[in-house]
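To keep things clear, I will list the structure first and then write my remarks on it.
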Amino acid sequence: MTTMTAQSDLLTTAQAAGIQSAPAQPIIQLTDIEKVYQTSTVETLALNRVNLTINQGEFVSIMGPSGCGKSTLLSIMGLLDEPTHGTVTLSGRAVTSYSDRELADLRNQRLGFVFQSYHLINDLSVLDNVELPLLYRKGISGKERRQRALAALDKVGLNARTSHFPSQLSGGQRQRVAIARALVGQPDIILADEPTGNLDSVMGEEIMDLLLTLNRRDNTTIVMVTHDEQQALKTERIIRFFDGSQVN
Amino acid sequence: MFRHLFRLIWNRKRTNVLLLSEIFFSFVVLFGVATIFIGFGRNYVLPRGFAHEQVWRLNINAGQGEKMPRAQLDDVLRQVRALPGVQELTLTSGNTPFRFITMNGEFEAGKNKIDNVDRYDADDRYAATMGLQLVEGRWFQPSDDASTRRPAIISRNMREKLFGDAPRVVGQIIRESAGPGTENKTEFQVVGVTENVRPHGDFDGEAPSMWMRLQPHDTTRWEGAAVMVRVAPGQGAELQQKIVHTIAGVTRKWSTQVYALEADRLDKLKITVAPLAALAVVGLFLIVNVALGLFGVLWYNINQRRAEIGLRRALGASGPGISAQFLGEMLVLTSLGVTLGLLLAAQFPLLDAFDVAPRVYMFGMLAATGLIFLLTALCAWQPSRLAARIQPAVALREE
């Protein structure tokens with residue numbers, strides 16, 4: 001922990017001195033992304049020719065009014081949805097032609113998700129919820145799953161609540177569980193869709209601090225959709241959307 | 001993954017208890033229906049133990065208030081036997097195969113008892129006429145007239161029940177229980193053992209049977225006689241008419257009806273098949289109901305769990321993985337329901353209930369287990385496929 005802080009301070013000092021750091025490695029690249037939702041009568045253009053690069057270790061927030069395509073963009077980045085047109089590249093590899101199984105493996109190993117409504121399984125304990133991503137990963141024993149889940153819960157300060165059920169937790173605690181679940185598989189990227197949207201300001205701050213810590217301490221790339229300008233200002237870059245297009 | 005499924009099912013026990021009950025009760029009913037059908041099927045393929053195909057039953061009636069003098073009866077039998085096409089003939093009592101009349105009694109030998117034994121009166125030609133197969137000893141013969149006890153022939157299953165593994169039972173004494181509160185018991189001497197017989201119908205099992213030698217020295221009290229006639233293949237209505245005319249030629253006071261045992265068998269079959277068909281329809285109806293119920297519950301379950309499906313997809317589950325999870329949950333639930341059902345079903349052979357062979361119960365359990373797993377797998381298959389097709393992005397956004 002001390003070492004991490006020292007590194008962070010060193011970097012800030014280096015930046016202040018005008019020393020060029022190593023060029024940032026793109027981890028997610030969206031090229032000409034278009035998403036059209038089509039019904040029998042209506043065609044809705046949710047994303048219009050989006051070109052975007054997220055670098056390794058970046059903490060980026062995506063802002064915009066409701067219905068502007070933020071969540072769709074996050075779903076496409078998270079390989080949960082396919083673009084109608086364009087290419088998604090993850091660490092230099094285009095994932096367009098990947099099979100369902102390969103996409104599932106990529107989501108499992110490289111991505112962590114945090115949702116506004118937590119999406120915890122109410123019938124599973126906190127520990128079981130956090131273990132969930134590891135269930136879909138081959139070669140991990142039950143004991144190791146448990147240890148890693150406990151470590152992830154420790155990181156979010158919830159190691160005393162392992163046997164509780166989601167209904168027994170506050171909103172902030174639930175979101176911490178969701179973050180622990182996103183962390184347990186040690187992904188490179190965390191995609192957070194309005195993670196503080198259901199929380200009051202104090203709890204929202206706590207969650208934001210937790211995400212910032214994860215980004216700075218573990219160099220985890222975080223892409224966060226938010227409506228909260230104050231929280232967006234704490235991130236390294238803000239990408240604004242309007243009517244399916246990037247506006248800055 | 002199975003541990004995870006068990007935990008999930010356990011934590012959802014309130015939701016799953018209805019589904020579990022449905023599987024349990026369906027298993028019990030399917031076990032009952034399967035046992036009945038397997039029992040009937042097993043009986044159907046068993047040897048009948050006698051050859052009825054060319055045998056006719058003659059009902060000879062002396063008429064209202066009339067009796068049958070032995071000399072006249074012997075004359076009738078002699079003349080019928082002499083008819084071309086008649087191969088063999090025997091005098092018996094009203095208890096003939098495939099009819100709704102049965103005569104039975106309770107017998108004992110030493111400490112062993114057996115009840116519901118079909119008892120038949122038979123003369124010395126009965127075995128040849130009916131094609132019974134002797135496995136031990138002999139059939140009745142004229143020298144039995146000198147016997148101090150009434151000679152009897154028993155079926156193999158009756159022998160096993162009364163004498164167990166005894167190497168030889170010819171000469172043994174069997175007593176017939178005269179009824180409650182009566183000490184007097186009629187004694188019979190075993191002179192032979194036949195192969196098991198199934199005289200009640202195609203779907204009925206082997207009935208313990210005993211043939212007692214008919215000694216009609218004086219038939220003057222008889223008002224009717226039952227005669228079985230074995231005829232040559234291809235004989236029909238013409239010979240039946242000849243028989244009726246022959247008997248009428250001896251005495252016009254007597255009337256005769258001729259029935260083929262095959263016709264008796266078919267009459268019995270019709271009456272047996274009707275409830276069986278009804279049972280099959282009820283069974284089928286039940287299976288369809290269970291299937292619809294399971295299908296509905298699973299469909300509802302999947303719709304309730306769309307967000308969970310979306311989440312699991314986001315966390316790394318593939319479409320087939322989701323499908324397998326739902327099938328797996330159903331498999332675990334079915335296994336639990338079937339285990340409970342098997343615990344109950346196992347009591348039937350253990351308690352020797354309903355006089356059904358333990359093997360039939362075992363096959364009933366196997367069939368019900370197979371059917372219920374097949375049924376739940378089929379019902380879970382389509383909803384599981386639907387679950388696999390749910391778009392994670394859509395499902396996650398719905399909540």
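Chain labels A, B, ... are given in the sequence in which chains occur in the structure tokens; within each chain residues are numbered consecutively from 1, and ligands are likewise numbered from 1 in the order shown.
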Pull the closest atom pair for each residue of chain B that gets at most 12 Å from chain A, along with the distance in Å to one decimal, counting only C-alpha atoms, ordering rows by chain and then ascending residue number, as CSV.
```
residue,atom,partner,partner_atom,distance
B:Met1,CA,A:Leu135,CA,6.7
B:Phe2,CA,A:Leu135,CA,10.4
B:Arg3,CA,A:Gly142,CA,9.4
B:His4,CA,A:Asp128,CA,8.2
B:Leu5,CA,A:Leu124,CA,10.5
B:Phe6,CA,A:Leu124,CA,11.2
B:Arg7,CA,A:Leu124,CA,7.8
B:Leu8,CA,A:Asp123,CA,6.5
B:Ile9,CA,A:Asp123,CA,8.8
B:Trp10,CA,A:Asp123,CA,9.0
B:Asn11,CA,A:Asp123,CA,5.6
B:Arg12,CA,A:Asp123,CA,6.4
B:Lys13,CA,A:Asp123,CA,9.8
B:Arg14,CA,A:Asp123,CA,10.9
B:Thr15,CA,A:Asp123,CA,10.7
B:Arg305,CA,A:Ile121,CA,9.5
B:Arg306,CA,A:His119,CA,11.0
B:Ala307,CA,A:His119,CA,7.3
B:Glu308,CA,A:Ile121,CA,6.7
B:Ile309,CA,A:Ile121,CA,10.2
B:Gly310,CA,A:Leu80,CA,8.9
B:Leu311,CA,A:His119,CA,6.8
B:Arg312,CA,A:Pro133,CA,7.9
B:Arg313,CA,A:Ala104,CA,6.9
B:Ala314,CA,A:Arg107,CA,6.4
B:Leu315,CA,A:Pro133,CA,5.1
B:Gly316,CA,A:Asn108,CA,4.2
B:Ala317,CA,A:Ala104,CA,5.8
B:Ser318,CA,A:Ala104,CA,5.3
B:Gly319,CA,A:Asp100,CA,7.0
B:Pro320,CA,A:Arg101,CA,8.5
B:Gly321,CA,A:Tyr136,CA,8.8
B:Ile322,CA,A:Tyr136,CA,10.7
B:Gln325,CA,A:Tyr136,CA,11.2
B:Ala388,CA,A:Asp100,CA,10.7
B:Arg389,CA,A:Asp100,CA,10.9
B:Ile390,CA,A:Leu80,CA,11.0
B:Gln391,CA,A:Asp81,CA,7.6
B:Pro392,CA,A:Leu80,CA,5.9
B:Ala393,CA,A:Leu80,CA,5.4
B:Val394,CA,A:Asp81,CA,8.6
B:Ala395,CA,A:Leu80,CA,10.3
B:Leu396,CA,A:His119,CA,8.0
B:Arg397,CA,A:Ser71,CA,8.7
B:Glu398,CA,A:Ser117,CA,10.7
B:Glu399,CA,A:Ser117,CA,7.6
```
Preceding selection exported with C-alpha atoms as a compact mmCIF listing (two decimals), in the first residue's frame:
```txt
# COMPACT_ATOMS: atom_id res chain seq x y z
CA MET B 1 -20.96 -25.98 -10.10
CA PHE B 2 -23.18 -28.68 -8.55
CA ARG B 3 -22.37 -27.36 -5.09
CA HIS B 4 -23.42 -23.92 -6.26
CA LEU B 5 -26.66 -25.35 -7.67
CA PHE B 6 -27.39 -27.21 -4.42
CA ARG B 7 -26.81 -24.01 -2.46
CA LEU B 8 -29.01 -22.01 -4.80
CA ILE B 9 -31.78 -24.61 -4.60
CA TRP B 10 -31.49 -24.84 -0.83
CA ASN B 11 -31.64 -21.05 -0.45
CA ARG B 12 -34.69 -21.01 -2.72
CA LYS B 13 -36.37 -23.81 -0.84
CA ARG B 14 -39.62 -21.92 -0.39
CA THR B 15 -39.88 -21.34 -4.12
CA ARG B 305 -34.76 -14.66 -13.38
CA ARG B 306 -34.00 -12.75 -16.56
CA ALA B 307 -31.83 -10.24 -14.69
CA GLU B 308 -29.90 -13.08 -13.06
CA ILE B 309 -29.40 -14.66 -16.48
CA GLY B 310 -28.12 -11.35 -17.85
CA LEU B 311 -25.79 -11.01 -14.89
CA ARG B 312 -24.41 -14.53 -15.26
CA ARG B 313 -23.81 -13.90 -18.96
CA ALA B 314 -21.95 -10.69 -18.04
CA LEU B 315 -19.85 -12.58 -15.51
CA GLY B 316 -18.73 -15.19 -18.03
CA ALA B 317 -21.48 -17.74 -18.58
CA SER B 318 -22.01 -18.72 -22.20
CA GLY B 319 -25.46 -19.35 -23.71
CA PRO B 320 -25.08 -23.14 -23.49
CA GLY B 321 -23.71 -22.66 -19.96
CA ILE B 322 -26.95 -20.90 -18.93
CA GLN B 325 -27.41 -24.41 -15.44
CA ALA B 388 -29.72 -19.19 -23.27
CA ARG B 389 -31.03 -16.86 -25.98
CA ILE B 390 -31.74 -13.95 -23.61
CA GLN B 391 -29.57 -10.99 -24.60
CA PRO B 392 -27.54 -10.03 -21.52
CA ALA B 393 -27.58 -6.31 -22.30
CA VAL B 394 -31.39 -6.33 -22.62
CA ALA B 395 -31.94 -8.45 -19.52
CA LEU B 396 -29.67 -6.29 -17.39
CA ARG B 397 -31.35 -3.09 -18.57
CA GLU B 398 -34.87 -4.39 -17.80
CA GLU B 399 -34.40 -4.12 -14.05
```
Within 6 Å of stretch 159-168 of chain A using only C-alpha atoms, minus same-chain residues under 2 positions, as a CSV table (one decimal) with C-alpha atoms, in the first residue's frame:
```csv
chain,number,residue,atom,x,y,z
A,122,ASN,CA,-30.7,-12.3,-3.5
A,125,SER,CA,-24.9,-15.0,0.4
A,126,VAL,CA,-22.4,-12.1,0.0
A,127,LEU,CA,-19.5,-14.6,-0.3
A,153,LEU,CA,-14.4,-8.5,0.2
A,154,ASP,CA,-11.5,-7.5,2.3
A,157,GLY,CA,-14.1,-3.5,3.6
```
*Which of stretch 108-146 of chain B counts as strand (DSSP E or B) under DSSP, as JSON, numbers by chain please?*
{"B": [108, 109, 112, 113, 114, 115, 116, 117, 118, 119, 120, 121, 122, 134, 135, 136, 137]}
*If you count only C-alpha atoms, which residues fall within 10 Å of B:Tyr120, apart from same-chain ones fewer than 3 positions away, as a ChimeraX atom specification?*
/B:92-96,102-104,117,123,152-153,209-214
Can I get the selection written as a PDB file, in the first residue's frame, with C-alpha atoms?
```pdb
ATOM      1  CA  THR B  92     -65.133 -81.100 -14.327  1.00  0.00           C
ATOM      2  CA  SER B  93     -67.031 -78.609 -12.169  1.00  0.00           C
ATOM      3  CA  GLY B  94     -68.129 -75.017 -12.933  1.00  0.00           C
ATOM      4  CA  ASN B  95     -64.687 -73.579 -12.256  1.00  0.00           C
ATOM      5  CA  THR B  96     -63.288 -73.359 -15.788  1.00  0.00           C
ATOM      6  CA  THR B 102     -63.739 -68.880  -9.173  1.00  0.00           C
ATOM      7  CA  MET B 103     -63.754 -71.433  -6.419  1.00  0.00           C
ATOM      8  CA  ASN B 104     -60.986 -71.082  -3.928  1.00  0.00           C
ATOM      9  CA  VAL B 117     -56.007 -71.316  -3.931  1.00  0.00           C
ATOM     10  CA  ASP B 123     -61.286 -86.492 -13.583  1.00  0.00           C
ATOM     11  CA  ALA B 152     -54.904 -83.944  -5.328  1.00  0.00           C
ATOM     12  CA  ILE B 153     -52.536 -82.341  -7.763  1.00  0.00           C
ATOM     13  CA  SER B 209     -54.111 -74.044  -7.994  1.00  0.00           C
ATOM     14  CA  MET B 210     -55.202 -77.456  -6.829  1.00  0.00           C
ATOM     15  CA  TRP B 211     -57.059 -80.162  -8.744  1.00  0.00           C
ATOM     16  CA  MET B 212     -59.067 -82.611  -6.672  1.00  0.00           C
ATOM     17  CA  ARG B 213     -60.058 -85.935  -8.135  1.00  0.00           C
ATOM     18  CA  LEU B 214     -63.679 -85.928  -9.163  1.00  0.00           C
TER      19      LEU B 214
END
```
*Considering only C-alpha atoms, state which residue in the set A:Thr39, A:Ser61, A:Thr31, A:Thr53 is at the smallest distance from A:Gly86.*
A:Thr31
*Write out as JSON, numbers by chain the residues lying within 9 Å of stretch 344-357 of chain B, counting only C-alpha atoms and excluding same-chain residues fewer than 6 positions away.*
{"B": [28, 31, 32, 35, 39, 364, 365]}
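Residue nearest A:Arg93 within the list A:Gln186, A:Gln29, A:Thr235, A:Gln175: A:Gln29 [criterion: smallest interatomic distance, only C-alpha atoms].
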*If you count only C-alpha atoms, which residues fall within 8 Å of B:Leu375, apart from same-chain ones fewer than 4 positions away, as number ranges by chain?*
B: 291, 371, 379
